[in-house]
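Heads up: the structure comes next, in structure tokens.
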Amino acid sequence: VQRTISAGSKVREAVSHVHAQGYFEPLCTQRHLSVRHYTWDAFRHVGDVTHLLALALCIAVVLRESGTDGVSFKTHLLFFIVFSARFLNIFFCDQSIYLILYKVLLWTGTLKIVIFMWALGSREDKRDTLPLAVVLVPTFLLTMVFGVYSVQDHGLIVEFLWIFSMYLEAVAMLPQYIYCYRDADNTCYLVSAYVLTMGGYRMVFGLSWAYHYLVMPYYLDMSSLISGLLGIVFFCDYLLFKVAKKSTLSHVCISVDDTIREAEEAARDMVSGEPLTL
């Protein structure tokens, strides 16, 4: 225990020293993950409140008597990865109390949901079918190819993780939407309220970035715009599915998801030496 405390103290001292030397200044003021990219407008406040409300509704769903039915464990695991990657700048950059509290609430709230769902066995839910690798690997490659980096910048790894988190957040709701497409007969109002609120938060920030693109194009980065637009498209398709019980993206998503699952099963059969079933 004493060694752990001593090591932690040394790490804090090292971070404080390089911070005092201005090492993280470009990271905090010039690059994409700079806190200057937080705009204090109606979009941000509505989005923040909606997101926190969605987390509260999700916790209520998870802790009800019927368990986690209707909620995608994989979606919240992806959101936990998103927030863990994005909020690293809280250790390096001076920020307002509002931002610090908001980030801590998001990270801890999402972690609690992941732990609750893990403990309640949500990993085995047969309707939560989208493989995480299908989301994580393309997002990682997209970040590598289209991210704008410079080896001279301090905090390059932190910025890479920030851009990765932006692209990943764009598709983090996909497992939840596919779950809902497969669970169309679920009539729980609390589940519907949670999904609508979480999708609504993505919709609000999508509209925010679209507004920035039209009014303040100098302020915008492409990862934020792409993430926002995809959030709008996926949420609108979900709303269409709720009303009409079918949609173009729901059909495509389920078809692709089924194909991936069949390919995974065939690969496992080949590895185990079992004959393929045609």
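We name chains A, B, ... following the order of the structure tokens; residues begin at 1 in each chain, and ligands are numbered from 1 as shown.
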
What's around stretch 187-189 of chain A at 10 Å? Count only C-alpha atoms, leave out sequence neighbours fewer than 6 positions away in its own chain, and write the answer as a PyMOL selection string. chain A and resi 61+69-70+195

Excluding same-chain residues fewer than 2 positions from stretch 226-230 of chain A, what lies within 10 Å of it counting only C-alpha atoms, as a tab-separated table (two decimals) with all heavy atoms, in the first residue's frame?
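Saved to selection-v4.tsv:
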chain	number	residue	atom	x	y	z
A	165	SER	N	-12.50	8.97	-29.89
A	165	SER	CA	-13.74	9.00	-29.11
A	165	SER	C	-14.87	9.69	-29.87
A	165	SER	O	-16.04	9.30	-29.75
A	165	SER	CB	-13.51	9.68	-27.77
A	165	SER	OG	-13.43	11.10	-27.91
A	166	MET	N	-14.55	10.71	-30.67
A	166	MET	CA	-15.58	11.39	-31.45
A	166	MET	C	-16.19	10.47	-32.49
A	166	MET	O	-17.41	10.41	-32.65
A	166	MET	CB	-14.99	12.63	-32.12
A	166	MET	CG	-14.60	13.75	-31.18
A	166	MET	SD	-15.98	14.36	-30.18
A	166	MET	CE	-17.09	14.97	-31.45
A	167	TYR	N	-15.35	9.75	-33.23
A	167	TYR	CA	-15.86	8.82	-34.24
A	167	TYR	C	-16.61	7.67	-33.57
A	167	TYR	O	-17.64	7.21	-34.08
A	167	TYR	CB	-14.72	8.29	-35.09
A	167	TYR	CG	-14.17	9.28	-36.08
A	167	TYR	CD1	-12.81	9.57	-36.14
A	167	TYR	CD2	-15.01	9.95	-36.98
A	167	TYR	CE1	-12.30	10.48	-37.05
A	167	TYR	CE2	-14.51	10.86	-37.89
A	167	TYR	CZ	-13.15	11.13	-37.93
A	167	TYR	OH	-12.65	12.04	-38.83
A	168	LEU	N	-16.08	7.17	-32.45
A	168	LEU	CA	-16.72	6.03	-31.79
A	168	LEU	C	-18.08	6.43	-31.22
A	168	LEU	O	-19.03	5.63	-31.27
A	168	LEU	CB	-15.82	5.50	-30.68
A	168	LEU	CG	-16.32	4.26	-29.93
A	168	LEU	CD1	-16.51	3.10	-30.90
A	168	LEU	CD2	-15.35	3.88	-28.82
A	169	GLU	N	-18.19	7.65	-30.70
A	169	GLU	CA	-19.47	8.08	-30.14
A	169	GLU	C	-20.56	8.13	-31.22
A	169	GLU	O	-21.74	7.93	-30.92
A	169	GLU	CB	-19.33	9.45	-29.48
A	169	GLU	CG	-20.56	9.87	-28.70
A	169	GLU	CD	-20.38	11.18	-27.97
A	169	GLU	OE1	-19.52	11.98	-28.39
A	169	GLU	OE2	-21.08	11.41	-26.98
A	170	ALA	N	-20.15	8.37	-32.47
A	170	ALA	CA	-21.12	8.43	-33.56
A	170	ALA	C	-21.86	7.12	-33.75
A	170	ALA	O	-23.02	7.10	-34.18
A	170	ALA	CB	-20.41	8.83	-34.86
A	171	VAL	N	-21.20	6.00	-33.42
A	171	VAL	CA	-21.81	4.68	-33.66
A	171	VAL	C	-22.06	3.92	-32.36
A	171	VAL	O	-22.46	2.76	-32.40
A	171	VAL	CB	-20.91	3.84	-34.60
A	171	VAL	CG1	-20.88	4.45	-35.98
A	171	VAL	CG2	-19.49	3.72	-34.04
A	202	ARG	N	-28.01	12.69	-28.63
A	202	ARG	CA	-27.17	12.65	-29.84
A	202	ARG	C	-27.74	13.58	-30.91
A	202	ARG	O	-26.99	14.22	-31.66
A	202	ARG	CB	-27.10	11.22	-30.38
A	202	ARG	CG	-26.43	10.22	-29.47
A	202	ARG	CD	-24.97	10.56	-29.24
A	202	ARG	NE	-24.25	10.68	-30.48
A	202	ARG	CZ	-23.31	11.57	-30.70
A	202	ARG	NH1	-22.95	12.42	-29.76
A	202	ARG	NH2	-22.69	11.61	-31.87
A	203	MET	N	-29.07	13.68	-30.99
A	203	MET	CA	-29.73	14.56	-31.95
A	203	MET	C	-29.40	16.02	-31.66
A	203	MET	O	-29.08	16.79	-32.57
A	203	MET	CB	-31.24	14.33	-31.89
A	203	MET	CG	-32.04	15.17	-32.87
A	203	MET	SD	-32.06	14.42	-34.49
A	203	MET	CE	-33.39	15.37	-35.27
A	204	VAL	N	-29.45	16.40	-30.40
A	204	VAL	CA	-29.18	17.79	-30.02
A	204	VAL	C	-27.76	18.19	-30.40
A	204	VAL	O	-27.53	19.26	-30.99
A	204	VAL	CB	-29.41	17.99	-28.51
A	204	VAL	CG1	-28.87	19.35	-28.06
A	204	VAL	CG2	-30.88	17.89	-28.17
A	205	PHE	N	-26.78	17.34	-30.10
A	205	PHE	CA	-25.41	17.68	-30.42
A	205	PHE	C	-25.16	17.62	-31.93
A	205	PHE	O	-24.32	18.36	-32.45
A	205	PHE	CB	-24.44	16.78	-29.67
A	205	PHE	CG	-24.17	17.23	-28.27
A	205	PHE	CD1	-24.72	16.55	-27.19
A	205	PHE	CD2	-23.41	18.36	-28.01
A	205	PHE	CE1	-24.49	16.97	-25.89
A	205	PHE	CE2	-23.18	18.80	-26.73
A	205	PHE	CZ	-23.72	18.10	-25.66
A	206	GLY	N	-25.90	16.75	-32.64
A	206	GLY	CA	-25.79	16.75	-34.09
A	206	GLY	C	-26.27	18.06	-34.69
A	206	GLY	O	-25.64	18.64	-35.57
A	207	LEU	N	-27.39	18.56	-34.18
A	207	LEU	CA	-27.91	19.84	-34.65
A	207	LEU	C	-26.96	20.98	-34.27
A	207	LEU	O	-26.80	21.95	-35.02
A	207	LEU	CB	-29.29	20.09	-34.05
A	207	LEU	CG	-30.41	19.16	-34.53
A	207	LEU	CD1	-31.69	19.43	-33.75
A	207	LEU	CD2	-30.65	19.34	-36.03
A	208	SER	N	-26.31	20.84	-33.10
A	208	SER	CA	-25.35	21.85	-32.67
A	208	SER	C	-24.20	21.96	-33.66
A	208	SER	O	-23.82	23.07	-34.08
A	208	SER	CB	-24.83	21.51	-31.28
A	208	SER	OG	-23.77	22.38	-30.90
A	209	TRP	N	-23.63	20.81	-34.05
A	209	TRP	CA	-22.50	20.85	-34.98
A	209	TRP	C	-22.93	21.28	-36.37
A	209	TRP	O	-22.17	21.93	-37.09
A	209	TRP	CB	-21.81	19.49	-35.01
A	209	TRP	CG	-21.02	19.21	-33.77
A	209	TRP	CD1	-21.23	18.23	-32.86
A	209	TRP	CD2	-19.90	19.97	-33.29
A	209	TRP	NE1	-20.31	18.32	-31.83
A	209	TRP	CE2	-19.49	19.37	-32.07
A	209	TRP	CE3	-19.21	21.08	-33.76
A	209	TRP	CZ2	-18.40	19.85	-31.33
A	209	TRP	CZ3	-18.14	21.56	-33.01
A	209	TRP	CH2	-17.75	20.96	-31.83
A	210	ALA	N	-24.15	20.93	-36.77
A	210	ALA	CA	-24.66	21.41	-38.06
A	210	ALA	C	-24.80	22.94	-38.04
A	210	ALA	O	-24.47	23.62	-39.01
A	210	ALA	CB	-26.01	20.75	-38.36
A	221	ASP	N	-14.46	21.04	-36.48
A	221	ASP	CA	-13.58	19.98	-36.97
A	221	ASP	C	-14.46	18.86	-37.52
A	221	ASP	O	-15.57	18.63	-37.05
A	221	ASP	CB	-12.64	19.47	-35.87
A	221	ASP	CG	-13.38	18.77	-34.75
A	221	ASP	OD1	-13.78	19.48	-33.81
A	221	ASP	OD2	-13.56	17.54	-34.83
A	222	MET	N	-13.95	18.15	-38.52
A	222	MET	CA	-14.76	17.20	-39.27
A	222	MET	C	-15.20	16.01	-38.42
A	222	MET	O	-16.28	15.46	-38.64
A	222	MET	CB	-13.99	16.72	-40.49
A	222	MET	CG	-13.81	17.78	-41.56
A	222	MET	SD	-15.37	18.58	-42.04
A	222	MET	CE	-16.28	17.17	-42.69
A	223	SER	N	-14.38	15.59	-37.47
A	223	SER	CA	-14.78	14.45	-36.64
A	223	SER	C	-16.06	14.77	-35.86
A	223	SER	O	-16.94	13.91	-35.72
A	223	SER	CB	-13.65	14.06	-35.68
A	223	SER	OG	-13.32	15.13	-34.81
A	224	SER	N	-16.18	16.00	-35.38
A	224	SER	CA	-17.38	16.40	-34.64
A	224	SER	C	-18.59	16.46	-35.57
A	224	SER	O	-19.69	16.02	-35.20
A	224	SER	CB	-17.16	17.77	-33.99
A	224	SER	OG	-16.08	17.74	-33.09
A	232	ILE	N	-27.80	12.09	-35.86
A	232	ILE	CA	-29.11	12.51	-36.35
A	232	ILE	C	-29.74	11.42	-37.23
A	232	ILE	O	-30.91	11.07	-37.09
A	232	ILE	CB	-28.99	13.82	-37.15
A	232	ILE	CG1	-28.59	14.97	-36.22
A	232	ILE	CG2	-30.30	14.15	-37.86
A	232	ILE	CD1	-28.32	16.28	-36.94
A	233	VAL	N	-28.95	10.86	-38.15
A	233	VAL	CA	-29.46	9.84	-39.09
A	233	VAL	C	-29.95	8.61	-38.34
A	233	VAL	O	-31.07	8.11	-38.59
A	233	VAL	CB	-28.36	9.46	-40.11
A	233	VAL	CG1	-28.80	8.25	-40.93
A	233	VAL	CG2	-28.06	10.63	-41.03
A	234	PHE	N	-29.14	8.10	-37.43
A	234	PHE	CA	-29.53	6.89	-36.69
A	234	PHE	C	-30.76	7.12	-35.83
A	234	PHE	O	-31.64	6.26	-35.74
A	234	PHE	CB	-28.37	6.40	-35.83
A	234	PHE	CG	-27.22	5.84	-36.62
A	234	PHE	CD1	-25.91	6.08	-36.23
A	234	PHE	CD2	-27.44	5.08	-37.76
A	234	PHE	CE1	-24.85	5.57	-36.95
A	234	PHE	CE2	-26.38	4.57	-38.49
A	234	PHE	CZ	-25.08	4.81	-38.08
A	235	PHE	N	-30.84	8.29	-35.18
A	235	PHE	CA	-31.98	8.56	-34.30
A	235	PHE	C	-33.26	8.74	-35.11
A	235	PHE	O	-34.32	8.24	-34.72
A	235	PHE	CB	-31.71	9.80	-33.46
A	235	PHE	CG	-32.80	10.11	-32.47
A	235	PHE	CD1	-33.16	9.18	-31.50
A	235	PHE	CD2	-33.48	11.32	-32.51
A	235	PHE	CE1	-34.17	9.46	-30.58
A	235	PHE	CE2	-34.49	11.60	-31.60
A	235	PHE	CZ	-34.84	10.67	-30.63
A	236	CYS	N	-33.18	9.44	-36.23
A	236	CYS	CA	-34.37	9.61	-37.08
A	236	CYS	C	-34.86	8.26	-37.61
A	236	CYS	O	-36.07	8.02	-37.71
A	236	CYS	CB	-34.05	10.55	-38.24
A	236	CYS	SG	-33.86	12.29	-37.76

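Shortest separation to A:Leu88 among A:Lys74, A:Lys103, A:Arg44, A:His51 occurs at residue A:Lys103, atoms counted being only C-alpha atoms.
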